[in-house]
$ cat input_32.pdb   # PDB, N, CA and C atoms and all ligand atoms
MODEL        1
ATOM      1  N   MET A  10     183.263 119.789  92.645
ATOM      2  CA  MET A  10     181.899 119.688  93.174
ATOM      3  C   MET A  10     181.039 120.827  92.620
ATOM      4  N   SER A  11     180.138 120.498  91.772
ATOM      5  CA  SER A  11     179.302 121.529  91.174
ATOM      6  C   SER A  11     177.885 121.501  91.723
ATOM      7  N   VAL A  12     177.414 120.343  92.107
ATOM      8  CA  VAL A  12     176.057 120.267  92.666
ATOM      9  C   VAL A  12     176.092 119.578  94.032
ATOM     10  N   CYS A  13     175.147 119.937  94.868
ATOM     11  CA  CYS A  13     175.079 119.345  96.199
ATOM     12  C   CYS A  13     174.437 117.951  96.137
ATOM     13  N   ASN A  14     174.493 117.264  97.247
ATOM     14  CA  ASN A  14     173.925 115.918  97.276
ATOM     15  C   ASN A  14     172.416 115.909  97.038
ATOM     16  N   PHE A  15     171.768 116.973  97.500
ATOM     17  CA  PHE A  15     170.321 117.077  97.292
ATOM     18  C   PHE A  15     170.017 117.071  95.793
ATOM     19  N   CYS A  16     170.776 117.868  95.041
ATOM     20  CA  CYS A  16     170.557 117.948  93.598
ATOM     21  C   CYS A  16     171.006 116.669  92.894
ATOM     22  N   THR A  17     172.073 116.068  93.390
ATOM     23  CA  THR A  17     172.528 114.804  92.814
ATOM     24  C   THR A  17     171.437 113.751  92.941
ATOM     25  N   LEU A  18     170.869 113.672  94.142
ATOM     26  CA  LEU A  18     169.816 112.693  94.379
ATOM     27  C   LEU A  18     168.572 113.019  93.560
ATOM     28  N   ARG A  19     168.274 114.304  93.445
ATOM     29  CA  ARG A  19     167.114 114.719  92.651
ATOM     30  C   ARG A  19     167.293 114.294  91.189
ATOM     31  N   GLY A  20     168.526 114.446  90.690
ATOM     32  CA  GLY A  20     168.816 114.048  89.317
ATOM     33  C   GLY A  20     168.667 112.547  89.129
ATOM     34  N   ILE A  21     169.175 111.806  90.118
ATOM     35  CA  ILE A  21     169.052 110.342  90.053
ATOM     36  C   ILE A  21     167.581 109.938  90.066
ATOM     37  N   ARG A  22     166.802 110.594  90.929
ATOM     38  CA  ARG A  22     165.383 110.265  91.036
ATOM     39  C   ARG A  22     164.630 110.557  89.741
ATOM     40  N   SER A  23     164.950 111.685  89.111
ATOM     41  CA  SER A  23     164.229 112.048  87.892
ATOM     42  C   SER A  23     164.579 111.106  86.741
ATOM     43  N   ARG A  24     165.863 110.708  86.682
ATOM     44  CA  ARG A  24     166.278 109.745  85.650
ATOM     45  C   ARG A  24     165.583 108.408  85.878
ATOM     46  N   ALA A  25     165.572 107.984  87.155
ATOM     47  CA  ALA A  25     164.949 106.705  87.486
ATOM     48  C   ALA A  25     163.467 106.724  87.148
ATOM     49  N   LYS A  26     162.823 107.835  87.459
ATOM     50  CA  LYS A  26     161.384 107.958  87.199
ATOM     51  C   LYS A  26     161.089 107.835  85.707
ATOM     52  N   ALA A  27     161.948 108.438  84.899
ATOM     53  CA  ALA A  27     161.779 108.381  83.449
ATOM     54  C   ALA A  27     161.880 106.953  82.927
ATOM     55  N   GLU A  28     162.652 106.146  83.659
ATOM     56  CA  GLU A  28     162.843 104.748  83.248
ATOM     57  C   GLU A  28     161.892 103.803  83.960
ATOM     58  N   GLY A  29     161.064 104.354  84.845
ATOM     59  CA  GLY A  29     160.145 103.514  85.589
ATOM     60  C   GLY A  29     160.820 102.760  86.715
ATOM     61  N   ALA A  30     162.024 103.195  87.075
ATOM     62  CA  ALA A  30     162.792 102.529  88.127
ATOM     63  C   ALA A  30     162.503 103.172  89.482
ATOM     64  N   THR A  31     162.956 102.503  90.533
ATOM     65  CA  THR A  31     162.742 102.989  91.891
ATOM     66  C   THR A  31     164.087 103.331  92.523
ATOM     67  N   VAL A  32     164.133 104.451  93.233
ATOM     68  CA  VAL A  32     165.359 104.846  93.925
ATOM     69  C   VAL A  32     165.253 104.441  95.389
ATOM     70  N   HIS A  33     166.304 103.800  95.872
ATOM     71  CA  HIS A  33     166.338 103.351  97.261
ATOM     72  C   HIS A  33     167.597 103.903  97.912
ATOM     73  N   VAL A  34     167.423 104.602  99.032
ATOM     74  CA  VAL A  34     168.567 105.169  99.738
ATOM     75  C   VAL A  34     168.719 104.473 101.080
ATOM     76  N   GLU A  35     169.909 103.953 101.326
ATOM     77  CA  GLU A  35     170.159 103.230 102.563
ATOM     78  C   GLU A  35     171.545 103.584 103.090
ATOM     79  N   ASN A  36     171.602 104.200 104.247
ATOM     80  CA  ASN A  36     172.879 104.610 104.843
ATOM     81  C   ASN A  36     173.728 105.442 103.887
ATOM     82  N   GLY A  37     173.089 106.275 103.108
ATOM     83  CA  GLY A  37     173.818 107.129 102.186
ATOM     84  C   GLY A  37     174.129 106.480 100.854
ATOM     85  N   ASN A  38     173.909 105.163 100.770
ATOM     86  CA  ASN A  38     174.109 104.465  99.500
ATOM     87  C   ASN A  38     172.837 104.583  98.670
ATOM     88  N   VAL A  39     173.011 104.978  97.425
ATOM     89  CA  VAL A  39     171.860 105.166  96.555
ATOM     90  C   VAL A  39     171.805 104.043  95.527
ATOM     91  N   PHE A  40     170.659 103.392  95.461
ATOM     92  CA  PHE A  40     170.458 102.295  94.521
ATOM     93  C   PHE A  40     169.306 102.636  93.594
ATOM     94  N   VAL A  41     169.442 102.285  92.336
ATOM     95  CA  VAL A  41     168.341 102.426  91.393
ATOM     96  C   VAL A  41     167.913 101.019  91.002
ATOM     97  N   VAL A  42     166.675 100.701  91.342
ATOM     98  CA  VAL A  42     166.147  99.371  91.075
ATOM     99  C   VAL A  42     165.293  99.416  89.814
ATOM    100  N   PRO A  43     165.755  98.773  88.743
ATOM    101  CA  PRO A  43     164.996  98.769  87.496
ATOM    102  C   PRO A  43     163.613  98.165  87.689
ATOM    103  N   LYS A  44     162.687  98.604  86.882
ATOM    104  CA  LYS A  44     161.315  98.122  86.935
ATOM    105  C   LYS A  44     161.290  96.594  86.847
ATOM    106  N   GLY A  45     160.585  95.976  87.770
ATOM    107  CA  GLY A  45     160.455  94.528  87.742
ATOM    108  C   GLY A  45     161.561  93.778  88.460
ATOM    109  N   GLU A  46     162.602  94.519  88.906
ATOM    110  CA  GLU A  46     163.682  93.863  89.632
ATOM    111  C   GLU A  46     163.554  94.109  91.127
ATOM    112  N   LYS A  47     164.200  93.228  91.895
ATOM    113  CA  LYS A  47     164.193  93.385  93.342
ATOM    114  C   LYS A  47     165.436  94.153  93.774
ATOM    115  N   LEU A  48     165.304  94.867  94.882
ATOM    116  CA  LEU A  48     166.435  95.622  95.409
ATOM    117  C   LEU A  48     167.606  94.700  95.723
ATOM    118  N   ASP A  49     168.785  95.100  95.251
ATOM    119  CA  ASP A  49     169.990  94.320  95.503
ATOM    120  C   ASP A  49     171.033  95.233  96.134
ATOM    121  N   THR A  50     171.205  95.137  97.450
ATOM    122  CA  THR A  50     172.183  95.977  98.144
ATOM    123  C   THR A  50     173.423  95.169  98.515
ATOM    124  N   SER A  51     173.597  94.045  97.838
ATOM    125  CA  SER A  51     174.708  93.163  98.172
ATOM    126  C   SER A  51     176.068  93.801  97.875
ATOM    127  N   VAL A  52     177.052  93.384  98.649
ATOM    128  CA  VAL A  52     178.426  93.845  98.468
ATOM    129  C   VAL A  52     179.305  92.604  98.380
ATOM    130  N   ASP A  53     180.186  92.556  97.386
ATOM    131  CA  ASP A  53     181.032  91.362  97.254
ATOM    132  C   ASP A  53     182.237  91.427  98.191
ATOM    133  N   LYS A  54     183.080  90.422  98.136
ATOM    134  CA  LYS A  54     184.213  90.310  99.059
ATOM    135  C   LYS A  54     185.188  91.477  98.940
ATOM    136  N   LYS A  55     185.234  92.098  97.785
ATOM    137  CA  LYS A  55     186.144  93.217  97.579
ATOM    138  C   LYS A  55     185.519  94.550  98.010
ATOM    139  N   GLY A  56     184.268  94.482  98.451
ATOM    140  CA  GLY A  56     183.596  95.701  98.882
ATOM    141  C   GLY A  56     182.890  96.427  97.754
ATOM    142  N   ASN A  57     182.785  95.743  96.617
ATOM    143  CA  ASN A  57     182.100  96.361  95.481
ATOM    144  C   ASN A  57     180.599  96.118  95.558
ATOM    145  N   HIS A  58     179.854  97.159  95.267
ATOM    146  CA  HIS A  58     178.406  97.039  95.278
ATOM    147  C   HIS A  58     177.911  96.352  94.014
ATOM    148  N   GLY A  59     176.670  95.929  94.048
ATOM    149  CA  GLY A  59     176.039  95.315  92.888
ATOM    150  C   GLY A  59     175.727  96.357  91.828
ATOM    151  N   PRO A  60     175.185  95.912  90.694
ATOM    152  CA  PRO A  60     174.919  96.817  89.573
ATOM    153  C   PRO A  60     173.879  97.902  89.848
ATOM    154  N   GLN A  61     173.087  97.742  90.905
ATOM    155  CA  GLN A  61     172.058  98.752  91.187
ATOM    156  C   GLN A  61     172.605  99.941  91.963
ATOM    157  N   PHE A  62     173.810  99.801  92.483
ATOM    158  CA  PHE A  62     174.415 100.900  93.233
ATOM    159  C   PHE A  62     174.820 102.011  92.278
ATOM    160  N   VAL A  63     174.424 103.235  92.570
ATOM    161  CA  VAL A  63     174.774 104.335  91.676
ATOM    162  C   VAL A  63     175.599 105.434  92.338
ATOM    163  N   ALA A  64     175.462 105.605  93.637
ATOM    164  CA  ALA A  64     176.192 106.694  94.277
ATOM    165  C   ALA A  64     176.244 106.518  95.783
ATOM    166  N   TRP A  65     177.228 107.163  96.378
ATOM    167  CA  TRP A  65     177.290 107.234  97.832
ATOM    168  C   TRP A  65     177.281 108.698  98.202
ATOM    169  N   LEU A  66     176.283 109.077  98.963
ATOM    170  CA  LEU A  66     176.148 110.468  99.379
ATOM    171  C   LEU A  66     176.336 110.522 100.885
ATOM    172  N   MET A  67     177.417 111.177 101.303
ATOM    173  CA  MET A  67     177.734 111.195 102.731
ATOM    174  C   MET A  67     176.591 111.794 103.547
ATOM    175  N   GLU A  68     176.036 112.861 103.041
ATOM    176  CA  GLU A  68     174.945 113.505 103.763
ATOM    177  C   GLU A  68     173.994 114.130 102.746
ATOM    178  N   VAL A  69     172.730 113.756 102.826
ATOM    179  CA  VAL A  69     171.743 114.330 101.912
ATOM    180  C   VAL A  69     170.984 115.416 102.651
ATOM    181  N   THR A  70     171.138 116.623 102.194
ATOM    182  CA  THR A  70     170.457 117.740 102.820
ATOM    183  C   THR A  70     168.996 117.778 102.396
ATOM    184  N   GLY A  71     168.175 118.393 103.218
ATOM    185  CA  GLY A  71     166.748 118.484 102.919
ATOM    186  C   GLY A  71     166.434 119.483 101.827
ATOM    187  N   THR A  72     167.353 120.401 101.606
ATOM    188  CA  THR A  72     167.160 121.410 100.568
ATOM    189  C   THR A  72     168.443 121.577  99.774
ATOM    190  N   CYS A  73     168.330 122.265  98.652
ATOM    191  CA  CYS A  73     169.492 122.519  97.818
ATOM    192  C   CYS A  73     170.446 123.485  98.517
ATOM    193  N   CYS A  74     171.737 123.195  98.406
ATOM    194  CA  CYS A  74     172.723 124.118  98.987
ATOM    195  C   CYS A  74     173.851 124.403  98.011
ATOM    196  N   CYS A  75     173.596 124.285  96.744
ATOM    197  CA  CYS A  75     174.650 124.586  95.763
ATOM    198  C   CYS A  75     174.311 125.831  94.953
TER     199      CYS A  75
HETATM  200 ZN    ZN B 101     171.839 121.833  94.983
ENDMDL
END

$ encode --input "input_32.pdb" --output "structure tokens" --more "lines below"
Ligand SMILES: [Zn+2]
Amino acid sequence: MSVCNFCTLRGIRSRAKAEGATVHVENGNVFVVPKGEKLDTSVDKKGNHGPQFVAWLMEVTGTCCC
């Protein structure tokens, strides 16, 4: 563990912004929705998330703690 969840999420957000994508966080699950696509938070029978799922953050702190 080198970076905290706050920084992980910040990195995801900055990458998404560069691509024009939107970041959606739901119950700790982080999804990146490509420009022009709709949010897909679906989970298949095996418990696998869809292609927009990028990370699971147990707890996102309000500030950096790493
Ligand atoms: Zn940090």

$ atom_distance --input "input_32.pdb" --atom1 "atom N of Lys26 (chain A)" --atom2 "atom C of Gly56 (chain A)"
25.3 Å

$ resolve_selection --input "input_32.pdb" --expression "the PyMOL selection byres (((chain A and resi 41) around 6.5) and not hetatm)" --output "list of chain:residue names"
A:Ala30, A:Thr31, A:Val32, A:His33, A:Val39, A:Phe40, A:Val42, A:Pro43, A:Gln61, A:Phe62, A:Val63

$ closest_atom_pairs --input "input_32.pdb" --of "chain A" --to "ligand ZN 101 (chain B)" --cutoff "12 Å" --atoms "only C-alpha atoms and all ligand atoms" --output "Markdown table"
| residue | atom | partner | partner_atom | distance |
| --- | --- | --- | --- | --- |
| A:Met10 | CA | B:ZN101 | ZN | 10.4 |
| A:Ser11 | CA | B:ZN101 | ZN | 8.4 |
| A:Val12 | CA | B:ZN101 | ZN | 5.1 |
| A:Cys13 | CA | B:ZN101 | ZN | 4.3 |
| A:Asn14 | CA | B:ZN101 | ZN | 6.7 |
| A:Phe15 | CA | B:ZN101 | ZN | 5.5 |
| A:Cys16 | CA | B:ZN101 | ZN | 4.3 |
| A:Thr17 | CA | B:ZN101 | ZN | 7.4 |
| A:Leu18 | CA | B:ZN101 | ZN | 9.4 |
| A:Arg19 | CA | B:ZN101 | ZN | 8.9 |
| A:Gly20 | CA | B:ZN101 | ZN | 10.1 |
| A:Val69 | CA | B:ZN101 | ZN | 10.2 |
| A:Thr70 | CA | B:ZN101 | ZN | 8.9 |
| A:Gly71 | CA | B:ZN101 | ZN | 10.0 |
| A:Thr72 | CA | B:ZN101 | ZN | 7.3 |
| A:Cys73 | CA | B:ZN101 | ZN | 3.7 |
| A:Cys74 | CA | B:ZN101 | ZN | 4.7 |
| A:Cys75 | CA | B:ZN101 | ZN | 4.0 |

$ resolve_selection --input "input_32.pdb" --expression "the PyMOL selection byres (((chain A and resi 49) around 6.5) and not hetatm)" --output "PyMOL selection string"
chain A and resi 47-48+50-51+59+61-62

$ atom_distance --input "input_32.pdb" --atom1 "CA of Ile21 (chain A)" --atom2 "CA of Gly37 (chain A)"
13.4 Å

$ select_by_dssp --input "input_32.pdb" --residues "chain A" --states "helix (DSSP H, G or I)" --output "list in words"
Asn14, Phe15, Cys16, Thr17, Leu18, Arg19, Gly20, Ile21, Arg22, Ser23, Arg24, Ala25, Lys26, Ala27 and Glu28 of chain A

$ closest_residue --input "input_32.pdb" --among "A:Pro60, A:Asp53, A:Met67, A:Ser23" --to "Asn36 (chain A)" --atoms "only N, CA and C atoms"
A:Met67

$ axis_aligned_box --input "input_32.pdb" --around "region 43-48 of chain A" --padding-each-side "8 Å" --output "AutoDock Vina command-line options"
--center_x 164.0 --center_y 96.0 --center_z 91.3 --size_x 23.2 --size_y 21.5 --size_z 24.9

$ atom_distance --input "input_32.pdb" --atom1 "CA of Arg22 (chain A)" --atom2 "CA of His58 (chain A)"
19.0 Å

$ select_by_dssp --input "input_32.pdb" --residues "chain A" --states "strand (DSSP E or B)" --output "list in words"
Thr31, Val32, His33, Val34, Glu35, Asn38, Val39, Phe40, Val41, Val42, Val52, His58, Phe62, Val63, Ala64 and Trp65 of chain A

$ write_last_selection --input "input_32.pdb" --atoms "N, CA and C atoms" --output "mmCIF file, in the coordinates of the input"
data_model
loop_
_atom_site.group_PDB
_atom_site.id
_atom_site.type_symbol
_atom_site.label_atom_id
_atom_site.label_comp_id
_atom_site.auth_asym_id
_atom_site.auth_seq_id
_atom_site.Cartn_x
_atom_site.Cartn_y
_atom_site.Cartn_z
ATOM 1 N N THR A 31 162.956 102.503 90.533
ATOM 2 C CA THR A 31 162.742 102.989 91.891
ATOM 3 C C THR A 31 164.087 103.331 92.523
ATOM 4 N N VAL A 32 164.133 104.451 93.233
ATOM 5 C CA VAL A 32 165.359 104.846 93.925
ATOM 6 C C VAL A 32 165.253 104.441 95.389
ATOM 7 N N HIS A 33 166.304 103.800 95.872
ATOM 8 C CA HIS A 33 166.338 103.351 97.261
ATOM 9 C C HIS A 33 167.597 103.903 97.912
ATOM 10 N N VAL A 34 167.423 104.602 99.032
ATOM 11 C CA VAL A 34 168.567 105.169 99.738
ATOM 12 C C VAL A 34 168.719 104.473 101.080
ATOM 13 N N GLU A 35 169.909 103.953 101.326
ATOM 14 C CA GLU A 35 170.159 103.230 102.563
ATOM 15 C C GLU A 35 171.545 103.584 103.090
ATOM 16 N N ASN A 38 173.909 105.163 100.770
ATOM 17 C CA ASN A 38 174.109 104.465 99.500
ATOM 18 C C ASN A 38 172.837 104.583 98.670
ATOM 19 N N VAL A 39 173.011 104.978 97.425
ATOM 20 C CA VAL A 39 171.860 105.166 96.555
ATOM 21 C C VAL A 39 171.805 104.043 95.527
ATOM 22 N N PHE A 40 170.659 103.392 95.461
ATOM 23 C CA PHE A 40 170.458 102.295 94.521
ATOM 24 C C PHE A 40 169.306 102.636 93.594
ATOM 25 N N VAL A 41 169.442 102.285 92.336
ATOM 26 C CA VAL A 41 168.341 102.426 91.393
ATOM 27 C C VAL A 41 167.913 101.019 91.002
ATOM 28 N N VAL A 42 166.675 100.701 91.342
ATOM 29 C CA VAL A 42 166.147 99.371 91.075
ATOM 30 C C VAL A 42 165.293 99.416 89.814
ATOM 31 N N VAL A 52 177.052 93.384 98.649
ATOM 32 C CA VAL A 52 178.426 93.845 98.468
ATOM 33 C C VAL A 52 179.305 92.604 98.380
ATOM 34 N N HIS A 58 179.854 97.159 95.267
ATOM 35 C CA HIS A 58 178.406 97.039 95.278
ATOM 36 C C HIS A 58 177.911 96.352 94.014
ATOM 37 N N PHE A 62 173.810 99.801 92.483
ATOM 38 C CA PHE A 62 174.415 100.900 93.233
ATOM 39 C C PHE A 62 174.820 102.011 92.278
ATOM 40 N N VAL A 63 174.424 103.235 92.570
ATOM 41 C CA VAL A 63 174.774 104.335 91.676
ATOM 42 C C VAL A 63 175.599 105.434 92.338
ATOM 43 N N ALA A 64 175.462 105.605 93.637
ATOM 44 C CA ALA A 64 176.192 106.694 94.277
ATOM 45 C C ALA A 64 176.244 106.518 95.783
ATOM 46 N N TRP A 65 177.228 107.163 96.378
ATOM 47 C CA TRP A 65 177.290 107.234 97.832
ATOM 48 C C TRP A 65 177.281 108.698 98.202
#
